[in-house]
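Next comes entry_5.txt, with compact mmCIF, C-alpha atoms.
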```txt
# COMPACT_ATOMS: atom_id res chain seq x y z
CA MET A 1 -29.14 9.91 63.97
CA ALA A 2 -31.17 12.82 65.33
CA LYS A 3 -34.35 12.03 67.21
CA LEU A 4 -37.47 12.83 65.18
CA SER A 5 -40.34 14.72 66.76
CA GLN A 6 -43.89 13.44 66.63
CA ASP A 7 -44.73 16.08 64.00
CA ASP A 8 -41.77 14.97 61.86
CA LEU A 9 -42.92 11.36 62.05
CA LEU A 10 -46.49 12.28 61.13
CA ALA A 11 -45.21 14.27 58.16
CA GLN A 12 -43.29 11.19 56.97
CA PHE A 13 -46.36 8.94 57.39
CA GLU A 14 -48.48 11.39 55.37
CA GLU A 15 -46.20 10.84 52.38
CA MET A 16 -46.56 7.04 52.53
CA THR A 17 -49.10 5.00 50.57
CA LEU A 18 -51.49 2.79 52.50
CA ILE A 19 -49.54 -0.30 51.55
CA GLU A 20 -46.24 1.24 52.66
CA LEU A 21 -47.83 2.27 55.96
CA SER A 22 -49.28 -1.22 56.42
CA GLU A 23 -45.86 -2.77 55.84
CA PHE A 24 -44.34 -0.33 58.34
CA VAL A 25 -46.91 -1.28 60.98
CA LYS A 26 -46.17 -4.98 60.43
CA ALA A 27 -42.43 -4.39 60.76
CA PHE A 28 -43.00 -2.27 63.89
CA GLU A 29 -45.14 -5.00 65.44
CA GLU A 30 -42.49 -7.63 64.74
CA LYS A 31 -39.58 -5.50 65.96
CA PHE A 32 -41.19 -4.52 69.26
CA ASP A 33 -43.40 -7.61 69.72
CA VAL A 34 -46.62 -5.57 69.99
CA THR A 35 -49.98 -5.52 68.25
CA ALA A 36 -51.58 -2.41 66.77
CA ALA A 37 -55.09 -3.89 66.88
CA ALA A 38 -57.93 -1.75 68.17
CA ALA A 39 -59.24 -2.68 71.60
CA ALA A 40 -62.39 -4.77 71.39
CA PRO A 41 -65.30 -4.04 73.72
CA VAL A 42 -65.65 -6.47 76.59
CA VAL A 43 -68.98 -8.28 76.79
CA VAL A 44 -69.95 -8.90 80.40
CA ALA A 45 -71.81 -12.11 81.24
CA GLY A 46 -75.39 -11.58 80.20
CA GLY A 47 -76.14 -14.41 77.81
CA ALA A 48 -74.14 -15.17 74.71
CA ALA A 49 -77.04 -14.61 72.31
CA GLY A 50 -77.97 -11.27 73.85
CA GLY A 51 -74.39 -10.03 73.86
CA ALA A 52 -73.85 -11.07 70.25
CA ALA A 53 -77.05 -9.34 69.13
CA GLU A 54 -75.98 -6.12 70.86
CA ALA A 55 -72.55 -6.25 69.24
CA GLU A 56 -74.15 -6.70 65.81
CA ALA A 57 -76.57 -3.81 66.36
CA GLU A 58 -73.80 -1.45 67.52
CA GLN A 59 -71.38 -2.15 64.67
CA ASP A 60 -70.35 1.18 63.16
CA GLU A 61 -67.17 0.19 61.33
CA PHE A 62 -67.20 -2.00 58.25
CA ASP A 63 -64.65 -3.64 55.98
CA VAL A 64 -65.09 -3.73 52.19
CA ILE A 65 -63.53 -6.94 50.88
CA LEU A 66 -62.93 -7.52 47.18
CA THR A 67 -63.71 -11.20 46.52
CA GLY A 68 -63.32 -11.21 42.74
CA ALA A 69 -62.41 -8.84 39.92
CA GLY A 70 -64.87 -10.16 37.35
CA GLU A 71 -64.37 -9.70 33.62
CA LYS A 72 -63.66 -5.94 33.74
CA LYS A 73 -60.45 -6.11 35.76
CA ILE A 74 -59.11 -2.77 34.47
CA GLN A 75 -62.30 -0.98 35.54
CA VAL A 76 -62.05 -2.58 38.98
CA ILE A 77 -58.42 -1.45 39.31
CA LYS A 78 -59.48 2.11 38.45
CA VAL A 79 -62.18 2.06 41.13
CA VAL A 80 -59.78 0.61 43.71
CA ARG A 81 -57.33 3.43 42.92
CA GLU A 82 -60.09 6.03 43.38
CA LEU A 83 -61.20 4.54 46.70
CA THR A 84 -57.75 4.03 48.22
CA SER A 85 -55.36 6.49 46.55
CA LEU A 86 -53.07 3.55 45.76
CA GLY A 87 -50.68 3.62 42.86
CA LEU A 88 -51.36 1.58 39.75
CA LYS A 89 -49.08 -1.32 40.73
CA GLU A 90 -50.44 -1.51 44.30
CA ALA A 91 -54.06 -1.43 43.08
CA LYS A 92 -53.33 -4.12 40.48
CA ASP A 93 -51.64 -6.30 43.12
CA LEU A 94 -54.64 -5.87 45.42
CA VAL A 95 -57.08 -6.86 42.65
CA ASP A 96 -54.88 -9.82 41.59
CA GLY A 97 -54.62 -11.06 45.18
CA THR A 98 -58.33 -11.34 45.92
CA PRO A 99 -59.91 -11.85 48.36
CA LYS A 100 -58.39 -8.73 49.93
CA PRO A 101 -59.79 -5.84 51.95
CA VAL A 102 -60.05 -2.62 49.95
CA LEU A 103 -61.24 -0.45 52.84
CA GLU A 104 -61.12 -1.27 56.54
CA LYS A 105 -63.01 0.22 59.47
CA VAL A 106 -65.08 2.72 57.51
CA ALA A 107 -68.57 4.05 58.22
CA LYS A 108 -71.54 2.09 56.91
CA ASP A 109 -72.48 4.63 54.23
CA ALA A 110 -68.88 4.84 52.96
CA ALA A 111 -68.68 1.04 52.86
CA GLU A 112 -71.94 0.80 50.93
CA LYS A 113 -70.85 3.47 48.42
CA ALA A 114 -67.51 1.72 47.90
CA ALA A 115 -69.22 -1.66 47.45
CA GLU A 116 -71.64 -0.18 44.90
CA ALA A 117 -68.79 1.44 42.96
CA LEU A 118 -66.86 -1.84 42.87
CA LYS A 119 -69.96 -3.83 41.87
CA GLY A 120 -70.67 -1.26 39.17
CA ALA A 121 -67.21 -1.96 37.75
CA GLY A 122 -67.99 -5.70 37.66
CA ALA A 123 -66.31 -6.87 40.88
CA SER A 124 -67.75 -9.13 43.53
CA VAL A 125 -67.62 -7.56 46.98
CA GLU A 126 -68.41 -8.39 50.61
CA VAL A 127 -69.12 -5.86 53.35
CA LYS A 128 -68.38 -7.15 56.82
```
Can the structure in the file be given as structure tokens, please?
Amino acid sequence: MAKLSQDDLLAQFEEMTLIELSEFVKAFEEKFDVTAAAAAPVVVAGGAAGGAAEAEAEQDEFDVILTGAGEKKIQVIKVVRELTSLGLKEAKDLVDGTPKPVLEKVAKDAAEKAAEALKGAGASVEVK
């Protein structure tokens, strides 16, 4: 098998859905015994309450978590597809498997817009 260049790999990843990419990352982590988690900032001793308050104030990435589909499940699936570019089956599986994250590590305004769109479709949502 020929060795793929970084550009070739990126081209392949661009063609994958988010779920396929997520499954690839999990398989990669298991195969090579690594973690693809983002590095967390280190809080230096300065009082637990003060450090926690600073971390809360500086949060700039949010997760939008679907906690329930409500009565208008089809509308919620449509909104999930719009927000994530998932296929119909993947979006339905995400909605059926609640609670599940719809978007992860997005800006506050994007998280709020996504939460409003999902709530408008009848879903119950958490932003963390």
Taking a cut-off of 8 Å and counting only C-alpha atoms, can you build a table that, for each residue of stretch 98-121 of chain A near stretch 56-73 of chain A, reports the nearest atom pair and how far apart they are in Å (one decimal), sorted by chain then residue number, as JSON lines?
```
{"residue": "A:Thr98", "atom": "CA", "partner": "A:Thr67", "partner_atom": "CA", "distance": 5.4}
{"residue": "A:Pro99", "atom": "CA", "partner": "A:Thr67", "partner_atom": "CA", "distance": 4.3}
{"residue": "A:Lys100", "atom": "CA", "partner": "A:Leu66", "partner_atom": "CA", "distance": 5.4}
{"residue": "A:Pro101", "atom": "CA", "partner": "A:Ile65", "partner_atom": "CA", "distance": 4.0}
{"residue": "A:Val102", "atom": "CA", "partner": "A:Ile65", "partner_atom": "CA", "distance": 5.6}
{"residue": "A:Leu103", "atom": "CA", "partner": "A:Val64", "partner_atom": "CA", "distance": 5.1}
{"residue": "A:Glu104", "atom": "CA", "partner": "A:Asp63", "partner_atom": "CA", "distance": 4.3}
{"residue": "A:Lys105", "atom": "CA", "partner": "A:Glu61", "partner_atom": "CA", "distance": 4.6}
{"residue": "A:Val106", "atom": "CA", "partner": "A:Glu61", "partner_atom": "CA", "distance": 5.0}
{"residue": "A:Ala107", "atom": "CA", "partner": "A:Glu61", "partner_atom": "CA", "distance": 5.2}
{"residue": "A:Lys108", "atom": "CA", "partner": "A:Phe62", "partner_atom": "CA", "distance": 6.1}
{"residue": "A:Ala111", "atom": "CA", "partner": "A:Val64", "partner_atom": "CA", "distance": 6.0}
{"residue": "A:Ala114", "atom": "CA", "partner": "A:Val64", "partner_atom": "CA", "distance": 7.3}
{"residue": "A:Ala115", "atom": "CA", "partner": "A:Val64", "partner_atom": "CA", "distance": 6.6}
{"residue": "A:Ala121", "atom": "CA", "partner": "A:Lys72", "partner_atom": "CA", "distance": 6.7}
```
Exercise: A:Lys78 partners within 10 Å, only C-alpha atoms, chain neighbours under 5 positions left out, as a ChimeraX atom specification: /A:73,83,86-88,91-92,118,121
Between atom CA of A:Ile74 and atom CA of A:Lys113, distance in Å (one decimal):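 Result for atom CA of A:Ile74 versus atom CA of A:Lys113: 19.3 Å, one decimal.
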Interatomic distance, atom CA of A:Thr84 to atom CA of A:Leu18 (Å, one decimal):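 These atoms are spaced 7.7 Å apart.
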Best match for closeness to A:Ile77 among A:Asp109, A:Ala117, A:Ala11, A:Ile19, counting only C-alpha atoms: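 For A:Ile77, the nearest of the candidates is A:Ala117.
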Two-atom distance - atom CA of A:Glu112, atom CA of A:Lys89 (Å): 25.1 Å
Could stretch 107-126 of chain A be completed with N, CA, C and O atoms and returned as a CSV table (one decimal), keeping the file's coordinate frame?
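Listed below is the output, selection_27.csv:
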```csv
chain,number,residue,atom,x,y,z
A,107,ALA,N,-67.2,3.9,57.9
A,107,ALA,CA,-68.6,4.0,58.2
A,107,ALA,C,-69.4,3.3,57.2
A,107,ALA,O,-69.0,3.0,56.1
A,108,LYS,N,-70.6,2.9,57.7
A,108,LYS,CA,-71.5,2.1,56.9
A,108,LYS,C,-71.8,2.7,55.5
A,108,LYS,O,-71.8,2.0,54.5
A,109,ASP,N,-72.1,4.0,55.5
A,109,ASP,CA,-72.5,4.6,54.2
A,109,ASP,C,-71.3,4.6,53.3
A,109,ASP,O,-71.4,4.4,52.1
A,110,ALA,N,-70.1,4.9,53.8
A,110,ALA,CA,-68.9,4.8,53.0
A,110,ALA,C,-68.6,3.4,52.4
A,110,ALA,O,-68.2,3.2,51.3
A,111,ALA,N,-68.9,2.4,53.3
A,111,ALA,CA,-68.7,1.0,52.9
A,111,ALA,C,-69.7,0.7,51.8
A,111,ALA,O,-69.3,0.0,50.8
A,112,GLU,N,-70.9,1.1,51.9
A,112,GLU,CA,-71.9,0.8,50.9
A,112,GLU,C,-71.6,1.5,49.6
A,112,GLU,O,-71.8,0.9,48.5
A,113,LYS,N,-71.2,2.8,49.7
A,113,LYS,CA,-70.8,3.5,48.4
A,113,LYS,C,-69.7,2.8,47.7
A,113,LYS,O,-69.7,2.6,46.5
A,114,ALA,N,-68.7,2.4,48.5
A,114,ALA,CA,-67.5,1.7,47.9
A,114,ALA,C,-67.9,0.4,47.3
A,114,ALA,O,-67.5,0.1,46.2
A,115,ALA,N,-68.8,-0.4,48.0
A,115,ALA,CA,-69.2,-1.7,47.4
A,115,ALA,C,-70.0,-1.5,46.2
A,115,ALA,O,-69.8,-2.2,45.2
A,116,GLU,N,-70.9,-0.4,46.1
A,116,GLU,CA,-71.6,-0.2,44.9
A,116,GLU,C,-70.7,0.2,43.7
A,116,GLU,O,-70.9,-0.2,42.6
A,117,ALA,N,-69.7,1.0,44.0
A,117,ALA,CA,-68.8,1.4,43.0
A,117,ALA,C,-68.0,0.2,42.4
A,117,ALA,O,-67.9,0.1,41.2
A,118,LEU,N,-67.6,-0.6,43.3
A,118,LEU,CA,-66.9,-1.8,42.9
A,118,LEU,C,-67.8,-2.8,42.1
A,118,LEU,O,-67.4,-3.4,41.1
A,119,LYS,N,-69.0,-3.0,42.6
A,119,LYS,CA,-70.0,-3.8,41.9
A,119,LYS,C,-70.3,-3.2,40.5
A,119,LYS,O,-70.5,-4.0,39.5
A,120,GLY,N,-70.4,-1.9,40.4
A,120,GLY,CA,-70.7,-1.3,39.2
A,120,GLY,C,-69.6,-1.5,38.1
A,120,GLY,O,-69.8,-1.5,36.9
A,121,ALA,N,-68.3,-1.7,38.6
A,121,ALA,CA,-67.2,-2.0,37.8
A,121,ALA,C,-67.1,-3.4,37.4
A,121,ALA,O,-66.2,-3.8,36.6
A,122,GLY,N,-68.0,-4.3,38.0
A,122,GLY,CA,-68.0,-5.7,37.7
A,122,GLY,C,-67.3,-6.6,38.7
A,122,GLY,O,-67.2,-7.8,38.5
A,123,ALA,N,-67.0,-6.1,39.8
A,123,ALA,CA,-66.3,-6.9,40.9
A,123,ALA,C,-67.3,-7.5,41.8
A,123,ALA,O,-68.5,-7.1,41.9
A,124,SER,N,-66.9,-8.6,42.5
A,124,SER,CA,-67.8,-9.1,43.5
A,124,SER,C,-67.2,-8.7,44.9
A,124,SER,O,-65.9,-8.7,45.0
A,125,VAL,N,-68.0,-8.2,45.8
A,125,VAL,CA,-67.6,-7.6,47.0
A,125,VAL,C,-68.4,-8.1,48.2
A,125,VAL,O,-69.6,-8.4,48.0
A,126,GLU,N,-67.8,-8.1,49.3
A,126,GLU,CA,-68.4,-8.4,50.6
A,126,GLU,C,-68.2,-7.2,51.5
A,126,GLU,O,-67.2,-6.6,51.5
```
